[in-house]
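J.: CSV, C-alpha atoms, saved as structure_15.csv, coming up:
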```csv
chain,number,residue,atom,x,y,z
J,1,MET,CA,11.0,38.9,-46.7
J,2,THR,CA,14.7,39.7,-46.4
J,3,GLY,CA,16.3,42.6,-44.6
J,4,GLY,CA,13.8,42.8,-41.7
J,5,GLU,CA,11.5,41.0,-39.3
J,6,PRO,CA,8.5,39.1,-40.7
J,7,ALA,CA,5.4,41.2,-40.9
J,8,GLY,CA,3.5,39.0,-38.5
J,9,ARG,CA,6.2,39.6,-35.8
J,10,ARG,CA,6.3,43.3,-36.4
J,11,ALA,CA,2.5,43.5,-36.0
J,12,PHE,CA,2.6,41.4,-32.8
J,13,VAL,CA,5.4,43.5,-31.2
J,14,ALA,CA,3.6,46.8,-32.2
J,15,GLY,CA,0.3,45.5,-30.8
J,16,THR,CA,1.9,44.3,-27.6
J,17,GLY,CA,3.7,47.6,-27.1
J,18,ALA,CA,0.5,49.5,-27.6
J,19,ALA,CA,-1.3,47.4,-25.2
J,20,LEU,CA,1.5,47.8,-22.6
J,21,LEU,CA,1.5,51.5,-23.1
J,22,ALA,CA,-2.2,51.7,-22.7
J,23,GLY,CA,-2.0,49.6,-19.5
J,24,GLN,CA,0.7,51.9,-18.2
J,25,ALA,CA,-1.4,54.9,-18.9
J,26,GLY,CA,-4.3,53.3,-17.1
J,27,ALA,CA,-2.1,52.5,-14.2
J,28,ALA,CA,-0.8,56.1,-14.2
J,29,ARG,CA,-4.4,57.4,-14.1
J,30,ALA,CA,-5.3,55.1,-11.3
J,31,ALA,CA,-2.2,56.2,-9.2
J,32,VAL,CA,-3.8,59.5,-8.3
J,33,ALA,CA,-7.3,59.6,-7.0
J,34,ASP,CA,-9.8,61.4,-4.8
J,35,GLY,CA,-8.7,64.8,-4.1
J,36,PRO,CA,-6.0,64.2,-5.4
J,37,LEU,CA,-4.7,61.5,-3.1
J,38,PRO,CA,-2.1,59.0,-4.3
J,39,GLY,CA,-3.8,55.7,-5.1
J,40,PHE,CA,-1.8,54.0,-2.4
J,41,HIS,CA,-2.8,56.5,0.3
J,42,PRO,CA,-4.5,53.9,2.5
J,43,ALA,CA,-1.0,52.3,3.0
J,44,LEU,CA,0.5,55.6,3.9
J,45,LYS,CA,-2.3,56.3,6.4
J,46,ASP,CA,-1.8,52.8,7.9
J,47,ALA,CA,1.8,53.7,8.5
J,48,LEU,CA,0.9,56.7,10.6
J,49,THR,CA,1.1,55.2,14.1
J,50,PHE,CA,2.2,58.3,15.9
J,51,PRO,CA,5.0,56.6,17.9
J,52,LEU,CA,5.9,59.7,19.9
J,53,ALA,CA,2.3,60.2,21.3
J,54,TRP,CA,1.8,59.9,25.0
J,55,GLY,CA,0.9,56.3,25.6
J,56,ASN,CA,2.6,55.1,22.5
J,57,SER,CA,6.0,56.5,23.4
J,58,PRO,CA,8.4,54.4,25.5
J,59,ILE,CA,8.9,57.5,27.6
J,60,ARG,CA,6.9,57.0,30.8
J,61,ASP,CA,7.7,60.2,32.7
J,62,PHE,CA,5.3,62.9,31.5
J,63,ASP,CA,7.6,65.9,31.9
J,64,THR,CA,10.3,64.1,30.0
J,65,TRP,CA,7.8,63.2,27.3
J,66,ARG,CA,6.6,66.8,27.1
J,67,ARG,CA,10.2,68.0,26.5
J,68,ALA,CA,10.8,65.3,23.8
J,69,ALA,CA,7.5,65.9,22.0
J,70,ARG,CA,7.9,69.7,22.1
J,71,ALA,CA,11.5,69.3,20.7
J,72,LYS,CA,10.1,67.2,17.8
J,73,VAL,CA,7.5,69.8,17.0
J,74,GLU,CA,10.1,72.6,17.1
J,75,GLU,CA,12.4,70.6,14.8
J,76,THR,CA,9.7,70.3,12.2
J,77,LEU,CA,8.9,74.0,12.2
J,78,LEU,CA,12.1,74.7,10.2
J,79,VAL,CA,12.3,78.1,11.8
J,80,ASP,CA,15.1,78.9,14.4
J,81,ARG,CA,13.8,78.5,17.9
J,82,GLU,CA,16.3,80.9,19.5
J,83,ASP,CA,15.3,84.4,18.5
J,84,ALA,CA,16.2,86.9,21.2
J,85,THR,CA,15.3,89.9,19.1
J,86,PRO,CA,14.0,92.7,21.4
J,87,TYR,CA,10.3,93.3,20.9
J,88,ALA,CA,11.0,97.1,20.9
J,89,PRO,CA,7.2,98.0,20.9
J,90,GLU,CA,6.1,101.3,19.4
J,91,PHE,CA,2.6,102.4,20.5
J,92,GLN,CA,0.3,104.5,18.2
J,93,ARG,CA,-3.3,105.4,17.4
J,94,ARG,CA,-5.0,105.2,20.7
J,95,THR,CA,-8.8,105.2,21.1
J,96,ASP,CA,-11.2,104.8,24.0
J,97,GLY,CA,-13.8,102.1,23.8
J,98,ASP,CA,-16.5,101.0,26.1
J,99,GLY,CA,-14.4,100.3,29.3
J,100,TYR,CA,-11.1,99.8,27.5
J,101,THR,CA,-8.4,101.6,25.5
J,102,GLY,CA,-7.3,100.5,22.1
J,103,GLU,CA,-3.8,100.9,20.7
J,104,LEU,CA,-1.9,99.9,17.7
J,105,VAL,CA,1.5,98.5,18.6
J,106,THR,CA,4.4,97.7,16.2
J,107,LEU,CA,6.8,95.1,17.4
J,108,SER,CA,9.4,92.5,16.3
J,109,LEU,CA,8.0,89.0,16.7
J,110,THR,CA,11.1,87.7,14.8
J,111,ARG,CA,14.3,89.2,13.6
J,112,HIS,CA,12.9,89.4,10.1
J,113,GLU,CA,10.3,92.1,10.2
J,114,ARG,CA,8.1,94.4,12.3
J,115,VAL,CA,4.5,93.5,12.8
J,116,ARG,CA,1.5,95.7,13.7
J,117,ALA,CA,-1.0,94.4,16.2
J,118,ALA,CA,-4.0,95.7,18.0
J,119,LEU,CA,-3.7,95.9,21.8
J,120,LEU,CA,-6.8,96.5,24.0
J,121,THR,CA,-6.4,97.3,27.7
J,122,PRO,CA,-9.3,97.5,30.2
J,123,HIS,CA,-9.7,100.7,32.2
J,124,GLY,CA,-8.4,100.4,35.7
J,125,PRO,CA,-5.1,99.8,37.6
J,126,GLY,CA,-4.3,96.3,36.6
J,127,PRO,CA,-2.4,94.0,36.2
J,128,PHE,CA,-5.1,92.2,34.2
J,129,PRO,CA,-5.5,88.7,32.8
J,130,ALA,CA,-4.8,88.6,29.1
J,131,VAL,CA,-5.8,86.8,25.9
J,132,LEU,CA,-3.7,86.2,22.9
J,133,LEU,CA,-6.4,86.2,20.2
J,134,LEU,CA,-5.6,84.4,17.0
J,135,HIS,CA,-7.4,85.1,13.7
J,136,ASP,CA,-8.8,82.6,11.3
J,137,HIS,CA,-8.0,81.9,7.7
J,138,GLY,CA,-11.3,82.0,5.9
J,139,ALA,CA,-9.7,82.6,2.5
J,140,LYS,CA,-10.2,86.3,3.3
J,141,PHE,CA,-6.9,88.2,3.4
J,142,ASP,CA,-7.8,91.9,3.4
J,143,ILE,CA,-8.4,91.7,7.1
J,144,GLY,CA,-6.6,89.7,9.8
J,145,LYS,CA,-6.6,91.3,13.3
J,146,GLU,CA,-9.7,93.2,12.2
J,147,LYS,CA,-11.7,90.0,12.2
J,148,LEU,CA,-11.5,90.1,16.0
J,149,VAL,CA,-11.0,93.7,17.0
J,150,ARG,CA,-13.0,96.6,15.6
J,151,PRO,CA,-10.6,98.6,13.4
J,152,TRP,CA,-11.2,102.1,14.7
J,153,TYR,CA,-8.2,103.2,12.6
J,154,ASP,CA,-9.5,102.2,9.1
J,155,GLY,CA,-13.0,102.8,7.8
J,156,VAL,CA,-12.6,100.6,4.7
J,157,ARG,CA,-11.5,97.6,6.8
J,158,LEU,CA,-14.3,98.4,9.3
J,159,ALA,CA,-17.0,97.6,6.6
J,160,SER,CA,-15.2,94.3,5.7
J,161,ALA,CA,-14.7,93.4,9.3
J,162,ARG,CA,-18.4,94.0,10.2
J,163,ALA,CA,-19.5,91.7,7.4
J,164,TRP,CA,-17.1,89.0,8.7
J,165,THR,CA,-18.4,89.2,12.3
J,166,GLN,CA,-21.9,88.9,11.0
J,167,LYS,CA,-21.0,85.7,9.1
J,168,TYR,CA,-19.1,84.0,11.9
J,169,PHE,CA,-19.4,85.8,15.3
J,170,SER,CA,-23.0,86.8,15.6
J,171,GLY,CA,-22.0,90.4,14.8
J,172,ARG,CA,-19.6,90.7,17.7
J,173,PHE,CA,-15.9,91.7,17.7
J,174,VAL,CA,-14.6,89.0,20.1
J,175,GLY,CA,-11.6,91.0,21.2
J,176,ASP,CA,-13.7,94.0,22.1
J,177,GLU,CA,-16.0,91.8,24.1
J,178,LEU,CA,-13.1,90.3,26.0
J,179,ALA,CA,-11.6,93.8,26.8
J,180,ARG,CA,-15.0,94.9,28.2
J,181,ARG,CA,-14.9,91.9,30.4
J,182,GLY,CA,-11.5,92.9,31.9
J,183,TYR,CA,-8.9,91.2,29.7
J,184,VAL,CA,-5.9,92.7,27.9
J,185,VAL,CA,-6.2,91.5,24.3
J,186,LEU,CA,-3.5,91.2,21.7
J,187,VAL,CA,-4.1,90.2,18.1
J,188,ALA,CA,-1.6,90.5,15.2
J,189,ASP,CA,-1.8,89.8,11.5
J,190,ALA,CA,-0.3,86.5,10.3
J,191,LEU,CA,1.9,86.8,7.2
J,192,GLY,CA,-0.5,87.3,4.2
J,193,TRP,CA,-3.3,89.0,6.1
J,194,GLY,CA,-4.2,92.6,6.7
J,195,ASP,CA,-1.2,94.9,7.0
J,196,ARG,CA,1.0,91.9,5.9
J,197,GLY,CA,-1.0,91.2,2.7
J,198,PRO,CA,-3.3,90.8,1.2
J,199,LEU,CA,-2.3,87.4,-0.2
J,200,ALA,CA,-4.2,86.1,-3.2
J,201,HIS,CA,-5.8,82.7,-2.5
J,202,ASP,CA,-4.0,80.9,-5.4
J,203,GLN,CA,-0.6,82.3,-4.2
J,204,GLN,CA,-0.6,80.3,-1.0
J,205,GLN,CA,1.1,77.2,-2.3
J,206,ALA,CA,3.7,79.2,-4.1
J,207,LEU,CA,4.5,81.2,-1.0
J,208,ALA,CA,4.8,78.0,1.1
J,209,SER,CA,7.0,76.3,-1.5
J,210,ASN,CA,9.3,79.4,-1.7
J,211,PHE,CA,9.7,79.2,2.1
J,212,PHE,CA,10.6,75.5,1.8
J,213,ASN,CA,13.1,76.3,-1.0
J,214,LEU,CA,14.7,78.9,1.4
J,215,GLY,CA,15.0,76.3,4.1
J,216,SER,CA,12.2,77.7,6.1
J,217,SER,CA,8.4,77.2,6.6
J,218,LEU,CA,5.3,79.5,6.3
J,219,ALA,CA,3.5,77.4,9.0
J,220,GLY,CA,6.6,77.3,11.1
J,221,LEU,CA,6.9,81.1,11.0
J,222,MET,CA,3.3,81.5,12.1
J,223,ALA,CA,3.9,79.1,15.0
J,224,ARG,CA,7.0,80.9,16.1
J,225,GLU,CA,5.4,84.3,15.9
J,226,ASP,CA,2.4,83.2,18.0
J,227,ALA,CA,4.6,81.8,20.7
J,228,ARG,CA,6.6,85.0,20.7
J,229,ALA,CA,3.4,87.1,20.9
J,230,ALA,CA,2.5,85.2,24.1
J,231,GLY,CA,5.9,86.1,25.5
J,232,PHE,CA,5.3,89.8,24.6
J,233,LEU,CA,2.0,89.7,26.6
J,234,ALA,CA,3.8,88.1,29.5
J,235,ARG,CA,6.3,90.9,29.7
J,236,LEU,CA,3.8,93.8,29.8
J,237,GLU,CA,3.5,95.4,33.2
J,238,ARG,CA,-0.3,95.8,32.7
J,239,VAL,CA,-0.6,91.9,32.4
J,240,ASP,CA,-0.7,89.3,35.1
J,241,ARG,CA,1.7,86.9,33.5
J,242,ARG,CA,0.3,83.9,35.4
J,243,ARG,CA,-3.2,84.5,33.7
J,244,ILE,CA,-2.7,84.5,30.0
J,245,ALA,CA,-4.8,82.4,27.6
J,246,ALA,CA,-4.8,81.8,23.9
J,247,VAL,CA,-8.2,81.9,22.1
J,248,GLY,CA,-8.9,81.2,18.4
J,249,PHE,CA,-11.5,80.2,15.9
J,250,SER,CA,-10.8,77.9,12.9
J,251,MET,CA,-7.2,78.3,11.9
J,252,GLY,CA,-6.9,80.5,14.9
J,253,ALA,CA,-7.9,77.5,17.0
J,254,PHE,CA,-5.2,75.5,15.5
J,255,ARG,CA,-2.8,78.3,16.2
J,256,ALA,CA,-4.0,78.6,19.8
J,257,TRP,CA,-3.4,74.9,20.9
J,258,GLN,CA,-0.2,74.9,18.9
J,259,ALA,CA,1.1,77.9,20.7
J,260,ALA,CA,0.2,76.3,24.0
J,261,ALA,CA,2.3,73.3,23.0
J,262,LEU,CA,5.3,75.5,22.3
J,263,THR,CA,5.3,77.9,25.2
J,264,ASP,CA,4.6,77.8,28.9
J,265,ASP,CA,3.6,81.5,28.9
J,266,LEU,CA,0.0,80.4,28.2
J,267,ALA,CA,-2.0,79.2,31.2
J,268,ALA,CA,-5.1,78.2,29.3
J,269,THR,CA,-6.4,77.7,25.8
J,270,ALA,CA,-9.8,77.9,24.1
J,271,ALA,CA,-9.9,76.4,20.5
J,272,VAL,CA,-13.1,76.6,18.5
J,273,CYS,CA,-13.6,74.6,15.4
J,274,TRP,CA,-10.2,73.1,14.8
J,275,MET,CA,-9.4,69.7,16.2
J,276,THR,CA,-9.5,66.3,14.6
J,277,GLY,CA,-7.5,63.1,14.0
J,278,LEU,CA,-5.2,63.5,11.0
J,279,ARG,CA,-6.1,60.1,9.5
J,280,GLU,CA,-9.8,60.7,9.8
J,281,MET,CA,-9.4,64.1,8.2
J,282,MET,CA,-7.5,62.8,5.1
J,283,VAL,CA,-10.6,61.5,3.3
J,284,PRO,CA,-11.9,62.2,-0.2
J,285,GLY,CA,-13.7,65.5,-0.3
J,286,ASN,CA,-12.1,67.1,2.7
J,287,ASN,CA,-11.0,70.7,2.3
J,288,THR,CA,-7.5,69.8,3.5
J,289,LEU,CA,-6.9,67.8,0.3
J,290,ARG,CA,-7.1,70.9,-1.8
J,291,GLY,CA,-3.7,72.3,-0.5
J,292,GLN,CA,-3.7,76.1,-0.4
J,293,SER,CA,-4.8,76.9,3.1
J,294,SER,CA,-3.4,73.6,4.4
J,295,TYR,CA,0.1,75.1,4.0
J,296,CYS,CA,-0.5,77.4,6.9
J,297,MET,CA,-0.8,74.4,9.2
J,298,LEU,CA,1.7,72.0,7.5
J,299,HIS,CA,4.9,71.0,9.3
J,300,PRO,CA,6.7,68.4,7.1
J,301,GLY,CA,7.3,65.1,8.8
J,302,LEU,CA,5.5,65.8,12.0
J,303,SER,CA,2.8,63.3,11.3
J,304,ARG,CA,5.4,60.5,11.4
J,305,HIS,CA,5.6,61.2,15.1
J,306,LEU,CA,2.6,63.0,16.5
J,307,ASP,CA,-1.1,63.5,15.6
J,308,PHE,CA,-2.9,66.8,16.1
J,309,PRO,CA,-4.3,66.0,19.5
J,310,ASP,CA,-0.9,64.6,20.5
J,311,VAL,CA,0.6,68.1,19.9
J,312,ALA,CA,-2.1,69.8,21.8
J,313,SER,CA,-1.5,67.4,24.7
J,314,ILE,CA,2.0,68.8,25.2
J,315,ALA,CA,0.1,71.6,27.1
J,316,ALA,CA,-1.4,69.2,29.6
J,317,PRO,CA,-2.5,69.4,32.3
J,318,ARG,CA,-3.2,73.1,31.8
J,319,PRO,CA,-6.8,74.0,31.2
J,320,MET,CA,-8.0,73.6,27.6
J,321,LEU,CA,-11.3,74.0,25.9
J,322,PHE,CA,-12.2,72.5,22.5
J,323,PHE,CA,-15.5,73.2,20.8
J,324,ASN,CA,-16.7,71.9,17.5
J,325,GLY,CA,-19.9,72.2,15.4
J,326,GLY,CA,-21.8,69.0,14.8
J,327,LEU,CA,-22.6,70.4,11.3
J,328,ASP,CA,-19.1,71.6,10.5
J,329,PRO,CA,-18.2,70.2,7.1
J,330,LEU,CA,-14.5,70.7,7.6
J,331,PHE,CA,-14.0,68.2,10.4
J,332,PRO,CA,-15.7,64.7,10.1
J,333,ALA,CA,-17.4,63.5,13.3
J,334,ASP,CA,-15.0,60.5,13.4
J,335,GLY,CA,-12.0,62.7,13.5
J,336,VAL,CA,-13.4,64.9,16.2
J,337,ARG,CA,-14.3,61.8,18.3
J,338,VAL,CA,-10.9,60.3,17.9
J,339,ALA,CA,-9.2,63.5,18.8
J,340,HIS,CA,-11.4,64.0,21.9
J,341,GLU,CA,-10.7,60.5,23.1
J,342,LYS,CA,-7.0,61.0,22.8
J,343,LEU,CA,-7.1,64.4,24.6
J,344,ARG,CA,-9.3,62.9,27.4
J,345,ALA,CA,-6.9,60.0,27.9
J,346,VAL,CA,-4.0,62.4,28.4
J,347,TRP,CA,-5.7,64.7,30.9
J,348,ARG,CA,-7.1,61.7,32.7
J,349,SER,CA,-3.6,60.3,33.0
J,350,ARG,CA,-2.6,63.5,34.7
J,351,HIS,CA,-5.6,63.3,37.1
J,352,ALA,CA,-6.8,66.6,35.6
J,353,GLU,CA,-9.8,65.6,33.4
J,354,GLU,CA,-11.8,68.4,35.0
J,355,ARG,CA,-9.4,70.9,33.3
J,356,LEU,CA,-10.4,69.7,29.9
J,357,HIS,CA,-13.7,71.0,28.5
J,358,LEU,CA,-14.8,69.2,25.3
J,359,ARG,CA,-18.1,70.0,23.7
J,360,THR,CA,-19.9,69.5,20.4
J,361,TRP,CA,-22.7,71.9,19.4
J,362,PRO,CA,-24.9,69.6,17.3
J,363,ASP,CA,-27.0,72.4,15.7
J,364,LEU,CA,-24.0,74.6,14.6
J,365,GLY,CA,-21.5,74.5,11.8
J,366,HIS,CA,-18.1,76.2,11.3
J,367,VAL,CA,-18.9,79.3,13.5
J,368,PHE,CA,-18.1,81.0,16.8
J,369,THR,CA,-21.5,82.3,17.7
J,370,ASP,CA,-22.5,84.5,20.7
J,371,ARG,CA,-23.7,81.4,22.6
J,372,MET,CA,-20.3,79.7,22.2
J,373,GLN,CA,-18.5,83.0,23.0
J,374,ASP,CA,-20.4,83.4,26.2
J,375,GLU,CA,-19.5,79.9,27.4
J,376,VAL,CA,-15.8,80.5,26.5
J,377,PHE,CA,-15.8,83.8,28.4
J,378,MET,CA,-17.3,82.2,31.5
J,379,TRP,CA,-14.8,79.4,31.3
J,380,LEU,CA,-11.9,81.8,31.0
J,381,ASP,CA,-13.2,83.7,34.1
J,382,HIS,CA,-13.2,80.4,35.9
J,383,VAL,CA,-9.8,79.0,34.9
J,384,LEU,CA,-7.7,82.2,34.9
```
How does this structure look as structure tokens?
T.:
Amino acid sequence: MTGGEPAGRRAFVAGTGAALLAGQAGAARAAVADGPLPGFHPALKDALTFPLAWGNSPIRDFDTWRRAARAKVEETLLVDREDATPYAPEFQRRTDGDGYTGELVTLSLTRHERVRAALLTPHGPGPFPAVLLLHDHGAKFDIGKEKLVRPWYDGVRLASARAWTQKYFSGRFVGDELARRGYVVLVADALGWGDRGPLAHDQQQALASNFFNLGSSLAGLMAREDARAAGFLARLERVDRRRIAAVGFSMGAFRAWQAAALTDDLAATAAVCWMTGLREMMVPGNNTLRGQSSYCMLHPGLSRHLDFPDVASIAAPRPMLFFNGGLDPLFPADGVRVAHEKLRAVWRSRHAEERLHLRTWPDLGHVFTDRMQDEVFMWLDHVL
């Protein structure tokens, strides 16, 4: 034929092109797998060597290492560290409980907005030890502080809060229990929960991405606010500033050890059901792979330098307690084991292993039951 390629060549080229396109489509399908994870995620995980971790870092003086590691965490928060905004607390809505007084307090944790928190104070002269209590995620946004303190000020939230305590806390309000035991308790809503929400579950990634587009971070804001909340407690006359602890369950546990890494206002930390090695958590089927709630605990680039237990170790050798449930589906046993080994090595290097309390409850899942609470309360009485 004239004026074109032979039919045989045209057919060969067309067939070869189709085959190549089909192969490329297959490769594209294989490039994302399991969760979704990129198909090459094992190589990315292998590259996570956590070079700034204590023991990996070339820094051999622990105090110097602490400063360097804390500075790296602060850098990845993407939220300004220096915020000298006055707290300017306004106290309202008092109530008398069993051995304590409850108040709502509105204060500035950052320069951006005022936040309402619950503040419980034991009866008596003081100053008292105090607990910064940090609420969980739970994909339940209508209540935040009310998950931990009985909302005497809101009957609708009271019903929701009671159901939550039955599900996770053996029917107890943990904050009220602590106040009855003689602790000042502060608990505020994180952005998206309670008075600062409610956020819809499928809006979390959009909210986080909008923070990133604005040069900031949702998780970073939460971290800064928690550290500032500890500072507020330390400045209350009713509080013995040398005896302040952070206590949290689930995401609240993450927030507790993170706050201890960021501020020296906390003398002790109890974290229930949130500690693992990152590489061991990033496995097919893990909840973290779904995104959404993960953005509340995501600091871009931090994993190039430090693992989760490495961040918690910035608080060493202060007393720290970590509980996990042996049946907890969110944190694989391998990840918990790796994290505990890292933590133990750091406290041992400080000759302070007796200040680190690690325990797995083999018959429990993702909960903070009355048995666990009682042990935490006794531990706090001992270390504060």
J.: Pick out the closest residue to Thr360 of chain J from this set: J:Asp80, J:Asp136, J:Glu225, J:Asp328. Count all atoms listed in the file.
T.: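 Of J:Asp80, J:Asp136, J:Glu225, J:Asp328, the one nearest Thr360 of chain J, counting all atoms listed in the file, is J:Asp328.
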J.: Between atom CA of Val174 of chain J and atom CA of Gly144 of chain J, measure the distance and give it in Å to one decimal.
T.: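 Computing the Euclidean distance for atom CA of Val174 of chain J and atom CA of Gly144 of chain J yields 13.1 Å.
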J.: Write out as a PDB file with C-alpha atoms, in the frame of the given file the residues lying within 8 Å of segment 165-173 of chain J, counting only C-alpha atoms and excluding same-chain residues fewer than 5 positions away.
T.:
```
ATOM      1  CA  LYS J 147     -11.700  90.000  12.200  1.00  0.00           C
ATOM      2  CA  LEU J 148     -11.500  90.100  16.000  1.00  0.00           C
ATOM      3  CA  VAL J 149     -11.000  93.700  17.000  1.00  0.00           C
ATOM      4  CA  ARG J 150     -13.000  96.600  15.600  1.00  0.00           C
ATOM      5  CA  HIS J 366     -18.100  76.200  11.300  1.00  0.00           C
ATOM      6  CA  VAL J 367     -18.900  79.300  13.500  1.00  0.00           C
ATOM      7  CA  PHE J 368     -18.100  81.000  16.800  1.00  0.00           C
ATOM      8  CA  THR J 369     -21.500  82.300  17.700  1.00  0.00           C
ATOM      9  CA  ASP J 370     -22.500  84.500  20.700  1.00  0.00           C
TER      10      ASP J 370
END
```
J.: In Å, how far is it from atom CA of Leu306 of chain J to atom CA of Lys72 of chain J?
T.: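 Pair atom CA of Leu306 of chain J / atom CA of Lys72 of chain J returns 8.7 Å.
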J.: Nearest residue to Tyr153 of chain J out of J:Ala259, J:Ala200, J:Leu104, J:Leu214, using all atoms listed in the file?
T.: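 Selected residue with least distance to Tyr153 of chain J: J:Leu104.
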J.: From the list J:Ala219, J:Met378, J:Val247, J:Leu236, which residue is nearest Val79 of chain J when using only C-alpha atoms?
T.: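 For Val79 of chain J, the nearest of the candidates is J:Ala219.
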J.: Fewer than 3 positions away in the same chain doesn't count, so skip those; otherwise give me all residues within 10 Å of Arg157 of chain J, counting only C-alpha atoms, as a PyMOL selection string.
T.: chain J and resi 142-144+146-147+150-154+160-163+194
J.: Show me, as a PyMOL selection string, the residues that have an atom within 9 Å of Lys342 of chain J when counting only C-alpha atoms, minus same-chain residues fewer than 6 positions from it.
T.: chain J and resi 309-310+313
J.: Counting all atoms listed in the file, figure out which residue out of J:Arg81, J:His351, J:His299, J:His201 gets nearest to His137 of chain J.
T.: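 Comparing J:Arg81, J:His351, J:His299, J:His201 against His137 of chain J, the winner is J:His201.
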J.: Of the candidates J:Arg93, J:Arg224, J:Arg243, J:Arg114, which shows the shortest atom-to-atom distance to Val131 of chain J, using all atoms listed in the file?
T.: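 Under the stated criterion, the closest residue is J:Arg243.
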J.: Figure out the distance between atom CA of Arg279 of chain J and atom CA of Arg70 of chain J, please, to one decimal in Å.
T.: 21.1 Å
J.: Go through J:Ala339, J:Met297, J:Ala230, J:Ala223 and flag the residue nearest Ala208 of chain J, using only C-alpha atoms for the distances.
T.: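 Comparing J:Ala339, J:Met297, J:Ala230, J:Ala223 against Ala208 of chain J, the winner is J:Met297.
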J.: I want to know what sits within 12 Å of Asp63 of chain J, based on only C-alpha atoms, with residues of the same chain fewer than 4 positions away left out; could you give that as a PyMOL selection string?
T.: chain J and resi 54+59+67-70+313-317+350
